[in-house]
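Okay, target-v8.pdb is below, PDB, C-alpha atoms:
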```
MODEL        1
ATOM      1  CA  ARG A   1      14.297  13.986 -28.876
ATOM      2  CA  SER A   2      17.661  15.699 -28.614
ATOM      3  CA  PHE A   3      20.930  14.225 -27.392
ATOM      4  CA  ALA A   4      20.661  16.639 -24.471
ATOM      5  CA  ASN A   5      17.844  14.459 -23.149
ATOM      6  CA  SER A   6      19.288  11.106 -24.182
ATOM      7  CA  GLU A   7      22.692  11.857 -22.683
ATOM      8  CA  ILE A   8      21.307  11.995 -19.143
ATOM      9  CA  PHE A   9      18.884   9.079 -19.553
ATOM     10  CA  PHE A  10      20.476   5.925 -18.134
ATOM     11  CA  ILE A  11      19.659   2.270 -18.754
ATOM     12  CA  ASN A  12      20.597  -0.440 -16.264
ATOM     13  CA  VAL A  13      22.498  -3.501 -17.442
ATOM     14  CA  VAL A  14      22.486  -6.726 -15.419
ATOM     15  CA  GLN A  15      24.467  -9.929 -15.723
ATOM     16  CA  SER A  16      24.796 -13.068 -13.640
ATOM     17  CA  THR A  17      28.221 -14.191 -12.477
ATOM     18  CA  SER A  18      27.021 -17.438 -10.893
ATOM     19  CA  THR A  19      24.711 -20.308 -11.819
ATOM     20  CA  GLU A  20      23.278 -20.455  -8.296
ATOM     21  CA  ASN A  21      19.712 -19.337  -8.973
ATOM     22  CA  ASP A  22      19.008 -18.030  -5.456
ATOM     23  CA  ASP A  23      22.242 -16.063  -5.121
ATOM     24  CA  TYR A  24      21.132 -12.547  -5.991
ATOM     25  CA  SER A  25      24.508 -11.211  -4.825
ATOM     26  CA  ALA A  26      25.889 -12.723  -8.050
ATOM     27  CA  LEU A  27      24.003 -10.092 -10.039
ATOM     28  CA  LYS A  28      26.424  -7.536 -11.417
ATOM     29  CA  TRP A  29      24.811  -4.179 -12.198
ATOM     30  CA  SER A  30      26.021  -1.351 -14.402
ATOM     31  CA  GLU A  31      24.508   1.617 -16.190
ATOM     32  CA  VAL A  32      24.970   3.333 -19.529
ATOM     33  CA  SER A  33      23.546   6.530 -20.985
ATOM     34  CA  TRP A  34      21.176   6.175 -23.904
ATOM     35  CA  LYS A  35      23.439   8.393 -26.012
ATOM     36  CA  ASP A  36      26.471   6.145 -25.467
ATOM     37  CA  LEU A  37      24.452   2.998 -25.985
ATOM     38  CA  MET A  38      22.848   4.244 -29.193
ATOM     39  CA  THR A  39      26.102   5.387 -30.746
ATOM     40  CA  LYS A  40      28.297   2.426 -29.715
ATOM     41  CA  TRP A  41      25.892  -0.508 -30.201
ATOM     42  CA  ASP A  42      26.358  -1.789 -33.767
ATOM     43  CA  ARG A  43      25.909  -5.113 -35.559
ATOM     44  CA  SER A  44      29.107  -6.576 -34.087
ATOM     45  CA  THR A  45      28.447  -5.576 -30.468
ATOM     46  CA  THR A  46      28.406  -8.457 -27.991
ATOM     47  CA  PHE A  47      27.126  -8.444 -24.424
ATOM     48  CA  PRO A  48      30.684  -8.217 -23.000
ATOM     49  CA  ASP A  49      31.188  -5.199 -25.287
ATOM     50  CA  LEU A  50      28.051  -3.628 -23.848
ATOM     51  CA  ILE A  51      29.332  -4.224 -20.321
ATOM     52  CA  GLY A  52      32.618  -2.651 -21.405
ATOM     53  CA  PHE A  53      31.086   0.724 -22.213
ATOM     54  CA  SER A  54      28.834   0.704 -19.158
ATOM     55  CA  THR A  55      29.732   2.061 -15.718
ATOM     56  CA  PRO A  56      29.646  -0.446 -12.827
ATOM     57  CA  ILE A  57      27.179   0.201 -10.024
ATOM     58  CA  LEU A  58      28.847  -0.318  -6.669
ATOM     59  CA  PRO A  59      27.526  -3.195  -4.511
ATOM     60  CA  GLU A  60      26.516  -0.819  -1.728
ATOM     61  CA  GLU A  61      24.447   1.228  -4.171
ATOM     62  CA  SER A  62      22.761  -1.936  -5.417
ATOM     63  CA  SER A  63      22.054  -2.959  -1.809
ATOM     64  CA  GLN A  64      20.419   0.391  -1.118
ATOM     65  CA  GLU A  65      18.176  -0.009  -4.163
ATOM     66  CA  ARG A  66      17.181  -3.497  -3.029
ATOM     67  CA  LYS A  67      16.444  -2.253   0.492
ATOM     68  CA  TYR A  68      14.208   0.475  -0.909
ATOM     69  CA  ALA A  69      12.400  -1.915  -3.272
ATOM     70  CA  THR A  70      11.825  -4.722  -0.770
ATOM     71  CA  GLN A  71      10.666  -2.468   2.067
ATOM     72  CA  SER A  72       8.135  -0.661  -0.100
ATOM     73  CA  SER A  73       4.486  -1.528   0.448
ATOM     74  CA  GLU A  74       4.303  -2.449  -3.240
ATOM     75  CA  LYS A  75       6.899  -4.883  -4.588
ATOM     76  CA  PRO A  76       8.157  -4.123  -8.122
ATOM     77  CA  LYS A  77       6.486  -5.615 -11.182
ATOM     78  CA  MET A  78       8.848  -7.209 -13.699
ATOM     79  CA  ILE A  79       7.751  -6.650 -17.301
ATOM     80  CA  LEU A  80       9.377  -9.025 -19.777
ATOM     81  CA  HIS A  81       9.396  -7.600 -23.297
ATOM     82  CA  CYS A  82       9.201 -10.678 -25.527
ATOM     83  CA  LEU A  83      11.031 -10.458 -28.860
ATOM     84  CA  PRO A  84      11.679 -12.950 -31.665
ATOM     85  CA  LYS A  85      14.803 -15.083 -31.339
ATOM     86  CA  THR A  86      15.412 -14.179 -27.691
ATOM     87  CA  ALA A  87      13.699 -17.076 -25.849
ATOM     88  CA  SER A  88      10.297 -15.416 -26.228
ATOM     89  CA  THR A  89       8.393 -18.709 -26.548
ATOM     90  CA  THR A  90       9.800 -19.890 -23.217
ATOM     91  CA  LEU A  91       8.819 -16.626 -21.534
ATOM     92  CA  ARG A  92       5.307 -16.433 -23.015
ATOM     93  CA  THR A  93       4.542 -19.997 -21.981
ATOM     94  CA  ALA A  94       5.874 -19.442 -18.460
ATOM     95  CA  CYS A  95       3.993 -16.151 -18.051
ATOM     96  CA  ARG A  96       0.705 -17.547 -19.358
ATOM     97  CA  GLU A  97       0.639 -20.410 -16.888
ATOM     98  CA  HIS A  98       2.045 -18.336 -14.029
ATOM     99  CA  ILE A  99      -0.582 -15.594 -14.147
ATOM    100  CA  ARG A 100      -3.402 -18.139 -14.432
ATOM    101  CA  ALA A 101      -2.030 -20.052 -11.436
ATOM    102  CA  LYS A 102      -1.523 -16.939  -9.283
ATOM    103  CA  CYS A 103      -4.607 -14.911 -10.180
ATOM    104  CA  ALA A 104      -8.191 -16.200 -10.116
ATOM    105  CA  PHE A 105      -9.321 -13.095 -11.984
ATOM    106  CA  ALA A 106      -7.022 -13.802 -14.944
ATOM    107  CA  LYS A 107      -7.890 -17.498 -14.892
ATOM    108  CA  ALA A 108     -11.591 -16.641 -15.188
ATOM    109  CA  GLN A 109     -11.016 -14.814 -18.495
ATOM    110  CA  LYS A 110     -11.180 -16.468 -21.880
ATOM    111  CA  ARG A 111      -8.068 -18.599 -22.362
ATOM    112  CA  ARG A 112      -5.752 -17.361 -25.116
ATOM    113  CA  PRO A 113      -2.424 -18.612 -26.503
ATOM    114  CA  ASP A 114      -0.641 -15.573 -25.049
ATOM    115  CA  PRO A 115      -0.447 -14.437 -21.400
ATOM    116  CA  TYR A 116      -3.252 -12.259 -20.083
ATOM    117  CA  GLY A 117      -2.514  -8.615 -20.941
ATOM    118  CA  TYR A 118       0.175  -9.511 -23.487
ATOM    119  CA  ARG A 119      -1.135  -7.506 -26.462
ATOM    120  CA  ASP A 120      -3.429  -4.864 -24.962
ATOM    121  CA  VAL A 121      -2.190  -2.128 -22.638
ATOM    122  CA  ASP A 122      -5.625  -1.579 -21.033
ATOM    123  CA  ILE A 123      -5.884  -5.281 -20.232
ATOM    124  CA  PHE A 124      -2.286  -5.261 -18.975
ATOM    125  CA  TYR A 125      -3.111  -2.540 -16.440
ATOM    126  CA  ARG A 126      -6.317  -4.350 -15.535
ATOM    127  CA  ALA A 127      -4.246  -7.459 -14.790
ATOM    128  CA  VAL A 128      -1.887  -5.423 -12.581
ATOM    129  CA  ALA A 129      -4.855  -3.983 -10.674
ATOM    130  CA  GLN A 130      -6.713  -7.268 -10.247
ATOM    131  CA  CYS A 131      -3.723  -9.583  -9.672
ATOM    132  CA  PRO A 132      -1.695  -8.098  -6.777
ATOM    133  CA  ASP A 133       0.174 -11.358  -6.178
ATOM    134  CA  VAL A 134       1.589 -11.478  -9.704
ATOM    135  CA  HIS A 135       4.990  -9.843 -10.142
ATOM    136  CA  HIS A 136       5.990 -11.178 -13.581
ATOM    137  CA  TYR A 137       4.245 -10.032 -16.759
ATOM    138  CA  CYS A 138       5.047 -10.675 -20.402
ATOM    139  CA  VAL A 139       4.183  -8.152 -23.115
ATOM    140  CA  GLN A 140       4.631  -8.101 -26.864
ATOM    141  CA  GLY A 141       7.886  -6.245 -27.314
ATOM    142  CA  GLY A 142       8.169  -3.716 -30.106
ATOM    143  CA  ASP A 143       4.428  -3.023 -30.175
ATOM    144  CA  ALA A 144       3.978   0.751 -30.276
ATOM    145  CA  SER A 145       0.452   0.382 -28.880
ATOM    146  CA  MET A 146       1.799  -1.143 -25.638
ATOM    147  CA  THR A 147       2.290   2.294 -24.093
ATOM    148  CA  ILE A 148       2.929   1.058 -20.564
ATOM    149  CA  ILE A 149       5.456   3.776 -19.720
ATOM    150  CA  ASN A 150       3.381   6.737 -20.930
ATOM    151  CA  TYR A 151      -0.052   5.248 -20.335
ATOM    152  CA  GLU A 152      -2.803   7.830 -19.849
ATOM    153  CA  GLY A 153      -5.722   5.611 -18.895
ATOM    154  CA  PRO A 154      -8.118   3.143 -20.553
ATOM    155  CA  GLN A 155      -9.363   3.722 -24.080
ATOM    156  CA  GLU A 156     -12.538   2.365 -25.644
ATOM    157  CA  SER A 157     -13.302  -1.160 -24.448
ATOM    158  CA  ASP A 158     -12.979  -4.141 -26.750
ATOM    159  CA  ASP A 159     -14.779  -7.468 -26.545
ATOM    160  CA  ASP A 160     -12.494  -8.651 -23.764
ATOM    161  CA  SER A 161     -13.461  -5.803 -21.468
ATOM    162  CA  GLN A 162     -17.179  -6.015 -22.106
ATOM    163  CA  ASN A 163     -17.564  -9.025 -19.830
ATOM    164  CA  SER A 164     -16.401  -9.989 -16.375
ATOM    165  CA  ASP A 165     -13.152  -8.036 -16.394
ATOM    166  CA  GLU A 166     -14.645  -4.593 -16.837
ATOM    167  CA  GLU A 167     -13.393  -3.547 -13.401
ATOM    168  CA  GLY A 168     -11.071  -0.557 -13.184
ATOM    169  CA  VAL A 169      -7.452  -0.622 -14.245
ATOM    170  CA  GLU A 170      -6.178   1.989 -11.801
ATOM    171  CA  SER A 171      -3.980   0.798  -8.938
ATOM    172  CA  GLY A 172      -0.677   1.610  -7.371
ATOM    173  CA  PRO A 173       1.438   3.550  -7.824
ATOM    174  CA  HIS A 174       3.754   0.760  -8.931
ATOM    175  CA  HIS A 175       7.448   0.327  -9.631
ATOM    176  CA  PHE A 176       7.782  -1.304 -13.062
ATOM    177  CA  VAL A 177      11.076  -2.910 -14.095
ATOM    178  CA  HIS A 178      11.168  -3.365 -17.871
ATOM    179  CA  LEU A 179      13.483  -6.178 -18.956
ATOM    180  CA  ILE A 180      14.676  -6.112 -22.559
ATOM    181  CA  PRO A 181      16.878  -8.927 -23.901
ATOM    182  CA  PHE A 182      20.177  -8.309 -25.669
ATOM    183  CA  ARG A 183      21.396 -10.379 -28.612
ATOM    184  CA  ASN A 184      24.172  -9.717 -31.089
ATOM    185  CA  PHE A 185      22.635  -8.515 -34.348
ATOM    186  CA  ASP A 186      24.355 -10.985 -36.675
ATOM    187  CA  GLU A 187      23.373 -13.916 -34.428
ATOM    188  CA  TRP A 188      19.806 -12.601 -34.241
ATOM    189  CA  ALA A 189      19.536 -12.236 -38.022
ATOM    190  CA  ALA A 190      21.126 -15.644 -38.679
ATOM    191  CA  SER A 191      18.655 -17.298 -36.308
ATOM    192  CA  ALA A 192      15.724 -15.644 -38.081
ATOM    193  CA  LEU A 193      16.992 -16.738 -41.497
ATOM    194  CA  ARG A 194      17.528 -20.251 -40.199
ATOM    195  CA  GLN A 195      13.917 -20.373 -39.054
ATOM    196  CA  ILE A 196      12.712 -19.283 -42.492
ATOM    197  CA  TYR A 197      14.757 -22.012 -44.175
ATOM    198  CA  GLU A 198      13.656 -24.715 -41.730
ATOM    199  CA  VAL A 199       9.987 -23.830 -42.181
ATOM    200  CA  ASP A 200      10.189 -23.587 -45.990
ATOM    201  CA  GLU A 201      13.426 -24.933 -47.481
ATOM    202  CA  GLN A 202      12.784 -23.278 -50.838
ATOM    203  CA  CYS A 203      11.855 -19.990 -49.124
ATOM    204  CA  GLU A 204       8.921 -19.720 -51.559
ATOM    205  CA  ASP A 205       6.304 -18.875 -48.927
ATOM    206  CA  ILE A 206       8.468 -16.147 -47.434
ATOM    207  CA  ASP A 207       9.337 -14.856 -50.898
ATOM    208  CA  ASN A 208       5.633 -14.500 -51.673
ATOM    209  CA  LEU A 209       4.993 -12.678 -48.398
ATOM    210  CA  LEU A 210       7.787 -10.206 -49.050
ATOM    211  CA  GLU A 211       6.744  -9.765 -52.682
ATOM    212  CA  HIS A 212       3.325  -8.616 -51.483
ATOM    213  CA  CYS A 213       4.838  -6.454 -48.706
ATOM    214  CA  LEU A 214       3.297  -8.650 -46.010
ATOM    215  CA  GLY A 215       6.590  -9.146 -44.237
ATOM    216  CA  TYR A 216       7.717 -11.822 -41.791
ATOM    217  CA  ARG A 217       7.783 -11.090 -38.072
ATOM    218  CA  GLU A 218      11.227 -12.564 -37.399
ATOM    219  CA  LEU A 219      12.706 -10.216 -40.013
ATOM    220  CA  TYR A 220      11.168  -6.984 -38.724
ATOM    221  CA  MET A 221      14.018  -4.612 -37.877
ATOM    222  CA  GLU A 222      11.790  -2.808 -35.384
ATOM    223  CA  LEU A 223      11.804  -6.013 -33.316
ATOM    224  CA  TYR A 224      15.570  -6.119 -32.914
ATOM    225  CA  PRO A 225      16.303  -5.366 -29.221
ATOM    226  CA  LYS A 226      18.038  -2.047 -29.927
ATOM    227  CA  SER A 227      14.981  -0.820 -31.860
ATOM    228  CA  VAL A 228      12.651  -1.953 -29.079
ATOM    229  CA  LEU A 229      14.819  -0.216 -26.501
ATOM    230  CA  ALA A 230      14.650   2.976 -28.593
ATOM    231  CA  LEU A 231      10.848   2.726 -28.583
ATOM    232  CA  GLN A 232      10.766   2.438 -24.789
ATOM    233  CA  ILE A 233      13.216   5.323 -24.381
ATOM    234  CA  GLY A 234      11.026   7.451 -26.637
ATOM    235  CA  MET A 235       8.005   6.667 -24.476
ATOM    236  CA  ALA A 236       9.973   7.539 -21.339
ATOM    237  CA  LEU A 237      11.163  10.866 -22.758
ATOM    238  CA  ASN A 238       7.630  11.631 -23.917
ATOM    239  CA  ARG A 239       6.318  10.876 -20.419
ATOM    240  CA  ASN A 240       8.954  13.048 -18.767
ATOM    241  CA  ASN A 241       8.069  16.016 -20.975
ATOM    242  CA  ALA A 242       4.296  15.593 -20.886
ATOM    243  CA  VAL A 243       1.861  17.712 -18.912
ATOM    244  CA  PRO A 244       1.010  15.831 -15.667
ATOM    245  CA  LEU A 245      -2.324  14.027 -15.805
ATOM    246  CA  GLY A 246      -2.992  14.275 -12.098
ATOM    247  CA  ASN A 247      -3.747  10.564 -11.747
ATOM    248  CA  VAL A 248      -1.976   7.459 -10.461
ATOM    249  CA  TYR A 249      -0.223   6.865 -13.796
ATOM    250  CA  ASP A 250       1.924   9.944 -13.157
ATOM    251  CA  ALA A 251       3.227   8.322  -9.989
ATOM    252  CA  HIS A 252       4.306   4.987 -11.500
ATOM    253  CA  GLN A 253       8.068   4.458 -11.611
ATOM    254  CA  HIS A 254       9.703   2.835 -14.628
ATOM    255  CA  HIS A 255      13.224   1.441 -14.903
ATOM    256  CA  ILE A 256      14.673  -0.194 -18.022
ATOM    257  CA  VAL A 257      17.091  -3.109 -17.708
ATOM    258  CA  LEU A 258      19.079  -4.873 -20.439
ATOM    259  CA  TYR A 259      20.138  -8.499 -19.951
ATOM    260  CA  ASP A 260      21.812 -11.224 -22.020
ATOM    261  CA  TYR A 261      19.017 -13.428 -23.381
ATOM    262  CA  LYS A 262      21.242 -16.499 -22.917
ATOM    263  CA  GLN A 263      21.021 -15.958 -19.138
ATOM    264  CA  ILE A 264      17.223 -15.730 -19.110
ATOM    265  CA  ASP A 265      16.653 -18.369 -16.421
ATOM    266  CA  GLU A 266      19.406 -17.141 -14.094
ATOM    267  CA  ILE A 267      18.416 -13.491 -14.461
ATOM    268  CA  MET A 268      14.694 -14.122 -13.879
ATOM    269  CA  LYS A 269      15.327 -16.170 -10.741
ATOM    270  CA  LYS A 270      18.029 -13.976  -9.234
ATOM    271  CA  MET A 271      16.134 -10.753  -9.882
ATOM    272  CA  SER A 272      13.003 -12.219  -8.300
ATOM    273  CA  VAL A 273      14.974 -13.099  -5.167
ATOM    274  CA  TYR A 274      16.630  -9.671  -5.315
ATOM    275  CA  PHE A 275      13.204  -8.006  -5.211
ATOM    276  CA  ASP A 276      11.974 -10.440  -2.548
ATOM    277  CA  PHE A 277       9.222 -12.358  -4.325
ATOM    278  CA  PRO A 278       9.083 -15.960  -5.596
ATOM    279  CA  PRO A 279      10.601 -16.650  -9.023
ATOM    280  CA  MET A 280       8.333 -17.453 -11.942
ATOM    281  CA  PRO A 281       8.491 -21.198 -12.718
ATOM    282  CA  GLU A 282       9.396 -22.745 -16.069
ATOM    283  CA  THR A 283      11.881 -20.135 -17.291
ATOM    284  CA  ASP A 284      14.437 -22.910 -17.803
ATOM    285  CA  GLN A 285      12.404 -24.880 -20.328
ATOM    286  CA  GLU A 286      14.105 -23.672 -23.547
ATOM    287  CA  ALA A 287      10.851 -24.186 -25.425
ATOM    288  CA  LYS A 288      12.334 -24.310 -28.933
ATOM    289  CA  LYS A 289      15.739 -25.809 -28.243
ATOM    290  CA  ILE A 290      14.867 -29.155 -29.814
ATOM    291  CA  ARG A 291      12.825 -27.671 -32.663
ATOM    292  CA  ALA A 292      14.386 -27.010 -36.046
ATOM    293  CA  GLU A 293      13.602 -23.303 -35.937
ATOM    294  CA  GLY A 294      14.925 -22.915 -32.407
ATOM    295  CA  THR A 295      17.614 -20.492 -31.339
TER     296      THR A 295
ENDMDL
END
```
Just dump the structure as structure tokens.
Amino acid sequence: RSFANSEIFFINVVQSTSTENDDYSALKWSEVSWKDLMTKWDRSTTFPDLIGFSTPILPEESSQERKYATQSSEKPKMILHCLPKTASTTLRTACREHIRAKCAFAKAQKRRPDPYGYRDVDIFYRAVAQCPDVHHYCVQGGDASMTIINYEGPQESDDDSQNSDEEGVESGPHHFVHLIPFRNFDEWAASALRQIYEVDEQCEDIDNLLEHCLGYRELYMELYPKSVLALQIGMALNRNNAVPLGNVYDAHQHHIVLYDYKQIDEIMKKMSVYFDFPPMPETDQEAKKIRAEGT
């Protein structure tokens, strides 16, 4: 896509200025064009740097957006794009238990290590259709097959959709808020290398994987937040330029929000209150904090 498109495509940035979890007024919003973000975000960029080249959104504008979102018949759905070294284990665990607790349909499906709908876009949309009381979803970030933004409808069913969850996936239209974590590149890379060393101090296992071009997920450049954001922007631009399908998927709204991964618990709770639905429990657990490979 050309810079002409990317220059007018804006991403929201959110930060918390207070540790009071129910004080949504402590959310500070700004916006930045994709062109500026892409050209200025380098390996040394920190979250304060990112805020520095963003434009603040005035409180009254933020209040208007909240009024629109909370008075809508359909509350927004928060989609948490889980990425390595950005508290993804905490989020996946919280999402998995949350959706099972809030949705009998999801609980009735075969239990998996990941949240329902995490790795399959058809199953994700089925969860949205069958679980109206769920407003927090986790998806595998950086997965090009998770085409939530430019989804065109269900593909061929797999084993999961051959059984009790073969009901339709069409519902809405919905307002989806995609949350992508930010982390400084050098910190992100150092954390991944630390994990490799803690798992295998001689690095022999990883060396063998790389020698045979099998890779190691924590080292995939396409899973760095900037790369994942680029993937989502590409999907959004593709959707904007596509021929309308004439179905409910055309009417879905998608907004992309960047946040500092270190504020995961505050951001999740404040944004939930901001959109007027209960926060998702267990986002403060720091699942790997006491483990050697933790962040």
If we count all atoms listed in the file and set the cut-off at 9 Å, which residues sit around A:Ile79, ignoring sequence neighbours fewer than 4 positions away in its own chain? Please answer as a compact mmCIF listing (two decimals) with C-alpha atoms, keeping the file's coordinate frame.
```
# COMPACT_ATOMS: atom_id res chain seq x y z
CA HIS A 135 4.99 -9.84 -10.14
CA HIS A 136 5.99 -11.18 -13.58
CA TYR A 137 4.24 -10.03 -16.76
CA CYS A 138 5.05 -10.68 -20.40
CA VAL A 139 4.18 -8.15 -23.12
CA PHE A 176 7.78 -1.30 -13.06
CA VAL A 177 11.08 -2.91 -14.10
CA HIS A 178 11.17 -3.36 -17.87
CA LEU A 179 13.48 -6.18 -18.96
CA ILE A 180 14.68 -6.11 -22.56
```
Using the chain letters and residue numbers of this document, give as a PyMOL selection string the residues selected by the PyMOL selection byres ((chain A and resi 13) around 7). chain A and resi 11-12+14-15+29-31+257-259
Atom CA of A:Ala26 to atom CA of A:Asp276: how many Å, to one decimal?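 About the pair atom CA of A:Ala26 and atom CA of A:Asp276: they are 15.1 Å apart.
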Nearest to A:Arg92, restricted to only C-alpha atoms and choosing among A:Glu286, A:Asp250, A:Glu211, A:Glu218, comes out as A:Glu286
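The residues returned by the PyMOL selection byres ((chain A and resi 140-145) around 7) on the shown structure are His81, Cys82, Leu83, Tyr118, Arg119, Cys138, Val139, Met146, Thr147, Glu222, Leu223 and Val228 of chain A.
The residue that comes closest to A:Arg96, out of A:Gly117, A:Pro76, A:Pro279, A:Pro244 and on the basis of all atoms listed in the file, is A:Gly117.
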So for stretch 103-117 of chain A, what box centre and size do we get, axis-aligned, 6 Å extra on each of the six sides, every listed atom, Å to one decimal, as JSON?
```
{"center_x": -6.0, "center_y": -13.6, "center_z": -18.3, "size_x": 23.1, "size_y": 22.0, "size_z": 28.4}
```
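Of the residues under consideration (A:Asp205, A:Glu152, A:Asp186, A:Glu198), A:Glu152 shows the shortest atom-to-atom contact distance to A:Leu245 when counting all atoms listed in the file.
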In Å, rounded to a single decimal, give me how far atom CA of A:Lys85 is from atom CA of A:Thr46.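 Answer for the atom CA of A:Thr46 to atom CA of A:Lys85 separation: 15.5 Å.
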Residue with smallest distance to A:Tyr116 - pool A:Ile51, A:Val273, A:Ile196, A:Ala94, counting all atoms listed in the file: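 The closest residue to A:Tyr116 is A:Ala94.
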Quick one, how far is atom CA of A:Met268 from atom CA of A:Thr93?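 Going from atom CA of A:Met268 over to atom CA of A:Thr93 covers 14.3 Å.
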Give me the result of the PyMOL selection byres ((chain A and resi 104) around 12) on this file, residue by residue, as a PyMOL selection string. chain A and resi 97-103+105-109+116+127+130-134+165
Okay, now the selection with C-alpha atoms, as an mmCIF file, in the coordinates of the input?
```
data_model
loop_
_atom_site.group_PDB
_atom_site.id
_atom_site.type_symbol
_atom_site.label_atom_id
_atom_site.label_comp_id
_atom_site.auth_asym_id
_atom_site.auth_seq_id
_atom_site.Cartn_x
_atom_site.Cartn_y
_atom_site.Cartn_z
ATOM 1 C CA GLU A 97 0.639 -20.410 -16.888
ATOM 2 C CA HIS A 98 2.045 -18.336 -14.029
ATOM 3 C CA ILE A 99 -0.582 -15.594 -14.147
ATOM 4 C CA ARG A 100 -3.402 -18.139 -14.432
ATOM 5 C CA ALA A 101 -2.030 -20.052 -11.436
ATOM 6 C CA LYS A 102 -1.523 -16.939 -9.283
ATOM 7 C CA CYS A 103 -4.607 -14.911 -10.180
ATOM 8 C CA PHE A 105 -9.321 -13.095 -11.984
ATOM 9 C CA ALA A 106 -7.022 -13.802 -14.944
ATOM 10 C CA LYS A 107 -7.890 -17.498 -14.892
ATOM 11 C CA ALA A 108 -11.591 -16.641 -15.188
ATOM 12 C CA GLN A 109 -11.016 -14.814 -18.495
ATOM 13 C CA TYR A 116 -3.252 -12.259 -20.083
ATOM 14 C CA ALA A 127 -4.246 -7.459 -14.790
ATOM 15 C CA GLN A 130 -6.713 -7.268 -10.247
ATOM 16 C CA CYS A 131 -3.723 -9.583 -9.672
ATOM 17 C CA PRO A 132 -1.695 -8.098 -6.777
ATOM 18 C CA ASP A 133 0.174 -11.358 -6.178
ATOM 19 C CA VAL A 134 1.589 -11.478 -9.704
ATOM 20 C CA ASP A 165 -13.152 -8.036 -16.394
#
```
If I put a ball of radius 10 Å at (18.7, -10.1, -9.6) in the file's coordinates, which residues poke into it when counting all atoms listed in the file, written as number ranges by chain? A: 14-16, 21-29, 66, 266-276
Among listed residues A:Val248, A:Ala129, A:Leu209, A:Ala192, nearest A:Tyr151 (using all atoms listed in the file): A:Val248
